[in-house]
>>> print(open('data-v7.pdb').read())   # PDB, C-alpha atoms
MODEL        1
ATOM      1  CA  MET A   1      99.624 176.810 215.679
ATOM      2  CA  PHE A   2      97.554 179.407 213.849
ATOM      3  CA  GLU A   3     100.284 181.555 212.302
ATOM      4  CA  LEU A   4     103.061 180.551 209.921
ATOM      5  CA  PRO A   5     106.296 182.560 210.348
ATOM      6  CA  LEU A   6     107.583 183.840 206.999
ATOM      7  CA  ALA A   7     110.256 186.317 208.135
ATOM      8  CA  ASP A   8     111.136 188.283 211.271
ATOM      9  CA  GLY A   9     107.898 189.961 212.357
ATOM     10  CA  ILE A  10     105.887 188.692 209.364
ATOM     11  CA  THR A  11     103.434 185.788 209.482
ATOM     12  CA  ALA A  12     100.747 184.159 207.357
ATOM     13  CA  SER A  13      97.407 182.862 208.598
ATOM     14  CA  PHE A  14      94.705 180.973 206.740
ATOM     15  CA  GLN A  15      91.302 182.494 207.422
ATOM     16  CA  ARG A  16      88.308 180.201 206.965
ATOM     17  CA  PHE A  17      84.883 180.895 205.467
ATOM     18  CA  PRO A  18      82.072 178.830 203.852
ATOM     19  CA  SER A  19      83.058 177.757 200.354
ATOM     20  CA  PRO A  20      80.937 179.417 197.642
ATOM     21  CA  ASP A  21      78.807 176.990 195.620
ATOM     22  CA  ASN A  22      80.413 177.884 192.302
ATOM     23  CA  GLY A  23      83.901 178.326 193.752
ATOM     24  CA  LEU A  24      84.054 182.009 192.787
ATOM     25  CA  LEU A  25      84.472 185.133 194.906
ATOM     26  CA  ALA A  26      83.452 188.665 193.991
ATOM     27  CA  ARG A  27      84.974 190.027 197.223
ATOM     28  CA  ARG A  28      86.982 188.759 200.168
ATOM     29  CA  PRO A  29      84.584 187.257 202.759
ATOM     30  CA  PRO A  30      84.833 187.991 206.494
ATOM     31  CA  SER A  31      86.824 185.454 208.482
ATOM     32  CA  ALA A  32      85.257 182.785 210.677
ATOM     33  CA  GLY A  33      88.602 182.225 212.404
ATOM     34  CA  ALA A  34      92.124 181.083 211.618
ATOM     35  CA  LEU A  35      92.696 177.484 210.529
ATOM     36  CA  PRO A  36      95.212 175.388 212.497
ATOM     37  CA  LEU A  37      98.539 174.230 211.058
ATOM     38  CA  CYS A  38     101.261 171.830 212.124
ATOM     39  CA  PRO A  39     104.721 170.914 210.765
ATOM     40  CA  ALA A  40     104.908 168.066 208.247
ATOM     41  CA  GLY A  41     107.683 165.510 207.974
ATOM     42  CA  ASP A  42     108.932 166.900 204.650
ATOM     43  CA  GLY A  43     109.800 170.293 206.135
ATOM     44  CA  GLY A  44     106.539 171.897 205.071
ATOM     45  CA  PHE A  45     103.250 172.278 206.917
ATOM     46  CA  VAL A  46      99.734 170.893 206.776
ATOM     47  CA  CYS A  47      96.713 173.149 207.203
ATOM     48  CA  ALA A  48      93.275 171.819 208.106
ATOM     49  CA  LEU A  49      90.629 172.850 205.582
ATOM     50  CA  PRO A  50      87.345 171.023 206.312
ATOM     51  CA  ASP A  51      84.832 170.012 203.655
ATOM     52  CA  GLY A  52      82.553 172.873 202.698
ATOM     53  CA  GLU A  53      85.093 175.535 203.631
ATOM     54  CA  ALA A  54      87.601 177.713 201.812
ATOM     55  CA  CYS A  55      90.283 180.082 203.041
ATOM     56  CA  TRP A  56      91.992 183.330 202.247
ATOM     57  CA  ILE A  57      95.516 184.217 203.331
ATOM     58  CA  GLY A  58      96.274 186.981 205.813
ATOM     59  CA  LEU A  59      99.819 188.391 205.693
ATOM     60  CA  THR A  60     100.487 190.228 208.953
ATOM     61  CA  ALA A  61     103.454 192.514 209.607
ATOM     62  CA  ARG A  62     104.341 193.451 213.174
ATOM     63  CA  PRO A  63     105.545 197.004 213.910
ATOM     64  CA  GLY A  64     109.169 197.461 212.858
ATOM     65  CA  ALA A  65     109.282 194.429 210.544
ATOM     66  CA  ALA A  66     111.687 194.777 207.615
ATOM     67  CA  MET A  67     110.052 194.695 204.197
ATOM     68  CA  VAL A  68     110.005 191.432 202.248
ATOM     69  CA  LEU A  69     108.453 190.402 198.948
ATOM     70  CA  VAL A  70     105.868 187.622 199.172
ATOM     71  CA  GLY A  71     104.564 185.480 196.328
ATOM     72  CA  VAL A  72     101.964 182.712 196.465
ATOM     73  CA  LEU A  73     102.017 179.679 194.177
ATOM     74  CA  ALA A  74      99.496 176.838 194.128
ATOM     75  CA  GLU A  75      99.638 173.210 193.061
ATOM     76  CA  LEU A  76      96.186 172.166 191.857
ATOM     77  CA  SER A  77      94.525 168.768 192.062
ATOM     78  CA  ASP A  78      94.796 168.320 188.276
ATOM     79  CA  GLY A  79      98.598 168.540 188.601
ATOM     80  CA  SER A  80      98.972 172.058 187.220
ATOM     81  CA  PRO A  81     100.746 174.976 188.922
ATOM     82  CA  ILE A  82      99.408 178.522 189.029
ATOM     83  CA  ASP A  83     100.530 181.910 190.324
ATOM     84  CA  VAL A  84      97.858 182.905 192.850
ATOM     85  CA  LEU A  85      98.399 186.679 192.789
ATOM     86  CA  SER A  86      98.243 187.042 188.991
ATOM     87  CA  GLY A  87      96.192 183.972 188.028
ATOM     88  CA  ALA A  88      98.867 183.042 185.479
ATOM     89  CA  ARG A  89      99.468 179.410 184.578
ATOM     90  CA  LEU A  90     103.052 178.274 185.186
ATOM     91  CA  SER A  91     103.513 176.038 182.175
ATOM     92  CA  GLY A  92     105.770 173.042 182.728
ATOM     93  CA  ALA A  93     106.579 173.907 186.351
ATOM     94  CA  GLY A  94     104.274 171.495 188.130
ATOM     95  CA  THR A  95     104.959 167.968 189.255
ATOM     96  CA  GLY A  96     101.467 166.936 190.340
ATOM     97  CA  ALA A  97      99.394 167.144 193.477
ATOM     98  CA  GLY A  98     101.214 164.377 195.300
ATOM     99  CA  THR A  99     104.640 165.986 195.469
ATOM    100  CA  GLY A 100     106.021 168.400 198.013
ATOM    101  CA  GLY A 101     108.786 170.341 196.311
ATOM    102  CA  GLY A 102     107.674 170.850 192.715
ATOM    103  CA  LEU A 103     107.387 174.631 193.014
ATOM    104  CA  ALA A 104     110.242 175.263 195.447
ATOM    105  CA  ALA A 105     112.470 176.881 192.804
ATOM    106  CA  VAL A 106     109.752 178.482 190.656
ATOM    107  CA  GLN A 107     109.747 182.270 190.339
ATOM    108  CA  PRO A 108     106.406 183.930 191.143
ATOM    109  CA  VAL A 109     104.888 186.144 188.468
ATOM    110  CA  GLU A 110     103.677 188.731 190.974
ATOM    111  CA  LEU A 111     104.883 189.728 194.450
ATOM    112  CA  LEU A 112     103.403 191.682 197.357
ATOM    113  CA  SER A 113     105.487 194.053 199.471
ATOM    114  CA  VAL A 114     104.941 193.332 203.181
ATOM    115  CA  PRO A 115     104.645 195.481 205.266
ATOM    116  CA  PRO A 116     102.017 196.761 205.043
ATOM    117  CA  SER A 117      99.857 193.811 206.046
ATOM    118  CA  ALA A 118      97.904 192.341 203.141
ATOM    119  CA  GLN A 119      95.238 189.776 202.307
ATOM    120  CA  VAL A 120      95.106 187.276 199.439
ATOM    121  CA  ALA A 121      91.459 186.474 198.662
ATOM    122  CA  GLY A 122      92.107 183.545 196.314
ATOM    123  CA  ILE A 123      93.429 182.774 192.828
ATOM    124  CA  LEU A 124      92.978 185.909 190.750
ATOM    125  CA  ARG A 125      90.654 185.782 187.745
ATOM    126  CA  PRO A 126      91.498 189.068 185.981
ATOM    127  CA  GLY A 127      88.346 191.162 185.666
ATOM    128  CA  ASP A 128      86.225 188.478 187.351
ATOM    129  CA  GLY A 129      87.125 188.243 191.050
ATOM    130  CA  TRP A 130      88.907 185.197 192.485
ATOM    131  CA  LEU A 131      88.746 181.430 192.517
ATOM    132  CA  ALA A 132      88.382 180.367 196.152
ATOM    133  CA  LEU A 133      91.166 178.362 197.789
ATOM    134  CA  CYS A 134      89.431 175.111 198.748
ATOM    135  CA  ARG A 135      90.053 171.386 198.372
ATOM    136  CA  GLU A 136      86.465 170.092 198.049
ATOM    137  CA  SER A 137      84.842 169.385 194.668
ATOM    138  CA  ARG A 138      82.828 172.230 193.198
ATOM    139  CA  THR A 139      79.106 171.966 192.538
ATOM    140  CA  ALA A 140      79.407 174.138 189.441
ATOM    141  CA  ALA A 141      82.102 174.615 186.832
ATOM    142  CA  ALA A 142      84.574 177.330 187.747
ATOM    143  CA  GLY A 143      85.790 177.901 184.188
ATOM    144  CA  GLY A 144      88.302 180.678 183.582
ATOM    145  CA  ASN A 145      91.938 180.205 184.491
ATOM    146  CA  THR A 146      91.845 176.719 185.974
ATOM    147  CA  GLY A 147      89.735 175.220 183.196
ATOM    148  CA  SER A 148      88.015 172.582 185.347
ATOM    149  CA  PRO A 149      85.739 172.454 188.406
ATOM    150  CA  GLU A 150      88.048 169.735 189.758
ATOM    151  CA  ALA A 151      91.170 171.943 189.584
ATOM    152  CA  LEU A 152      91.267 172.676 193.305
ATOM    153  CA  ALA A 153      94.167 173.901 195.404
ATOM    154  CA  VAL A 154      95.869 171.062 197.266
ATOM    155  CA  ARG A 155      99.188 172.675 198.178
ATOM    156  CA  LEU A 156     100.303 176.291 198.496
ATOM    157  CA  HIS A 157     103.837 177.649 198.382
ATOM    158  CA  LEU A 158     104.523 180.952 200.117
ATOM    159  CA  VAL A 159     107.639 182.472 198.583
ATOM    160  CA  VAL A 160     109.628 185.116 200.466
ATOM    161  CA  ARG A 161     112.471 187.306 199.190
ATOM    162  CA  PRO A 162     114.284 190.093 201.013
ATOM    163  CA  ALA A 163     113.411 193.519 199.602
ATOM    164  CA  PRO A 164     114.478 195.553 197.741
ATOM    165  CA  ASP A 165     117.116 193.087 196.463
ATOM    166  CA  GLN A 166     114.944 190.783 194.346
ATOM    167  CA  ALA A 167     118.015 188.936 193.073
ATOM    168  CA  ARG A 168     118.685 187.317 196.461
ATOM    169  CA  GLU A 169     117.716 183.703 196.999
ATOM    170  CA  GLN A 170     114.043 183.113 197.739
ATOM    171  CA  ARG A 171     112.647 180.808 200.419
ATOM    172  CA  SER A 172     109.567 178.711 199.705
ATOM    173  CA  THR A 173     107.365 177.171 202.403
ATOM    174  CA  ALA A 174     104.896 174.482 201.321
ATOM    175  CA  VAL A 175     101.477 174.287 202.997
ATOM    176  CA  GLU A 176      99.293 171.304 202.120
ATOM    177  CA  LEU A 177      95.527 171.691 202.546
ATOM    178  CA  VAL A 178      94.050 168.563 204.169
ATOM    179  CA  ASP A 179      90.696 167.440 205.562
ATOM    180  CA  GLY A 180      89.932 167.237 209.265
ATOM    181  CA  SER A 181      90.570 163.494 209.550
ATOM    182  CA  ARG A 182      94.048 163.678 208.091
ATOM    183  CA  PHE A 183      94.869 166.750 210.161
ATOM    184  CA  ARG A 184      93.897 164.915 213.334
ATOM    185  CA  GLN A 185      95.967 161.894 212.279
ATOM    186  CA  GLU A 186      99.090 163.923 211.474
ATOM    187  CA  CYS A 187      98.831 166.656 214.105
ATOM    188  CA  GLY A 188      97.042 164.913 216.973
ATOM    189  CA  GLU A 189      94.313 167.513 217.409
ATOM    190  CA  ARG A 190      90.804 168.223 216.228
ATOM    191  CA  VAL A 191      89.858 171.126 213.995
ATOM    192  CA  PRO A 192      87.896 173.759 215.948
ATOM    193  CA  ALA A 193      84.437 174.643 214.681
ATOM    194  CA  PRO A 194      84.036 177.906 212.743
ATOM    195  CA  SER A 195      83.288 180.859 214.969
ATOM    196  CA  PRO A 196      82.291 184.508 214.498
ATOM    197  CA  THR A 197      84.703 185.285 217.331
ATOM    198  CA  VAL A 198      88.368 184.495 217.924
ATOM    199  CA  TYR A 199      89.140 180.858 218.775
ATOM    200  CA  GLY A 200      92.770 180.555 219.780
ATOM    201  CA  GLY A 201      94.182 182.157 216.657
ATOM    202  CA  TRP A 202      94.027 185.333 214.649
ATOM    203  CA  ARG A 203      90.677 186.310 213.220
ATOM    204  CA  LEU A 204      91.136 188.973 210.573
ATOM    205  CA  PRO A 205      88.340 191.256 209.308
TER     206      PRO A 205
ENDMDL
END
>>> encode(input="data-v7.pdb", output="structure tokens")
Amino acid sequence: MFELPLADGITASFQRFPSPDNGLLARRPPSAGALPLCPAGDGGFVCALPDGEACWIGLTARPGAAMVLVGVLAELSDGSPIDVLSGARLSGAGTGAGTGGGLAAVQPVELLSVPPSAQVAGILRPGDGWLALCRESRTAAAGGNTGSPEALAVRLHLVVRPAPDQAREQRSTAVELVDGSRFRQECGERVPAPSPTVYGGWRLP
């Protein structure tokens, strides 16, 4: 599968691109195709993210879809949680990179209204672009919000609330970023090569 259902008529896709050497983005890169996903045994999903690649998140709303509020949280490889849309640290909320449900009940700092369709380039660095969503070690220190070049995203949580009633219970879907070997082991399929054209999934501009 190349799209993750979030609500009726609203999906998320993970659009691949070459990881920047220093891990930083000044703008959202063009997509080289959607990355494949498959269900995981813990109720979440795994998403293939090969070495040397990063991804941004495409939130797509079909015509007539009811509005929802979407937040994105990340568990980093150093065990710390962060709000992707604001870049804010979520002190005390994390449980480490090896757990699946540590952020399930955490409230996002910032939310996007979808529709309209939207794109999430990476972890916001206020006034300084974004930190790319990738799981491979950096070749240069990223600095800024994450504090370490080894603080890489290993698991994302996409949080959805019905709008406009923000008090209603949120749903959180965990997506673990894994290398090609583990994806093949867990999902039984290879990761397609990057392509400038569509390869079986959505390719967003």
>>> resolve_selection(input="data-v7.pdb", expression="the PyMOL selection byres ((chain A and resi 154-161) around 7)", output="ChimeraX atom specification")
/A:6,68-77,97,135,152-153,162-163,166,168-177
>>> atom_distance(input="data-v7.pdb", atom1="atom CA of A:Arg16", atom2="atom CA of A:Thr60")
15.9 Å
>>> residues_around(input="data-v7.pdb", residues="A:Val191", least_positions_apart="3", cutoff="12 Å", atoms="only C-alpha atoms", output="number ranges by chain")
A: 1-2, 16, 33-38, 47-51, 178-188, 194-195, 199-200
>>> closest_residue(input="data-v7.pdb", among="A:Val106, A:Leu90, A:Val84, A:Val114", to="A:Trp56", atoms="all atoms listed in the file")
A:Val84
>>> closest_residue(input="data-v7.pdb", among="A:Ala26, A:Ile10, A:Leu85, A:Leu103", to="A:Ala66", atoms="all atoms listed in the file")
A:Ile10
>>> atom_distance(input="data-v7.pdb", atom1="atom CA of A:Ala7", atom2="atom CA of A:Pro30")
25.5 Å
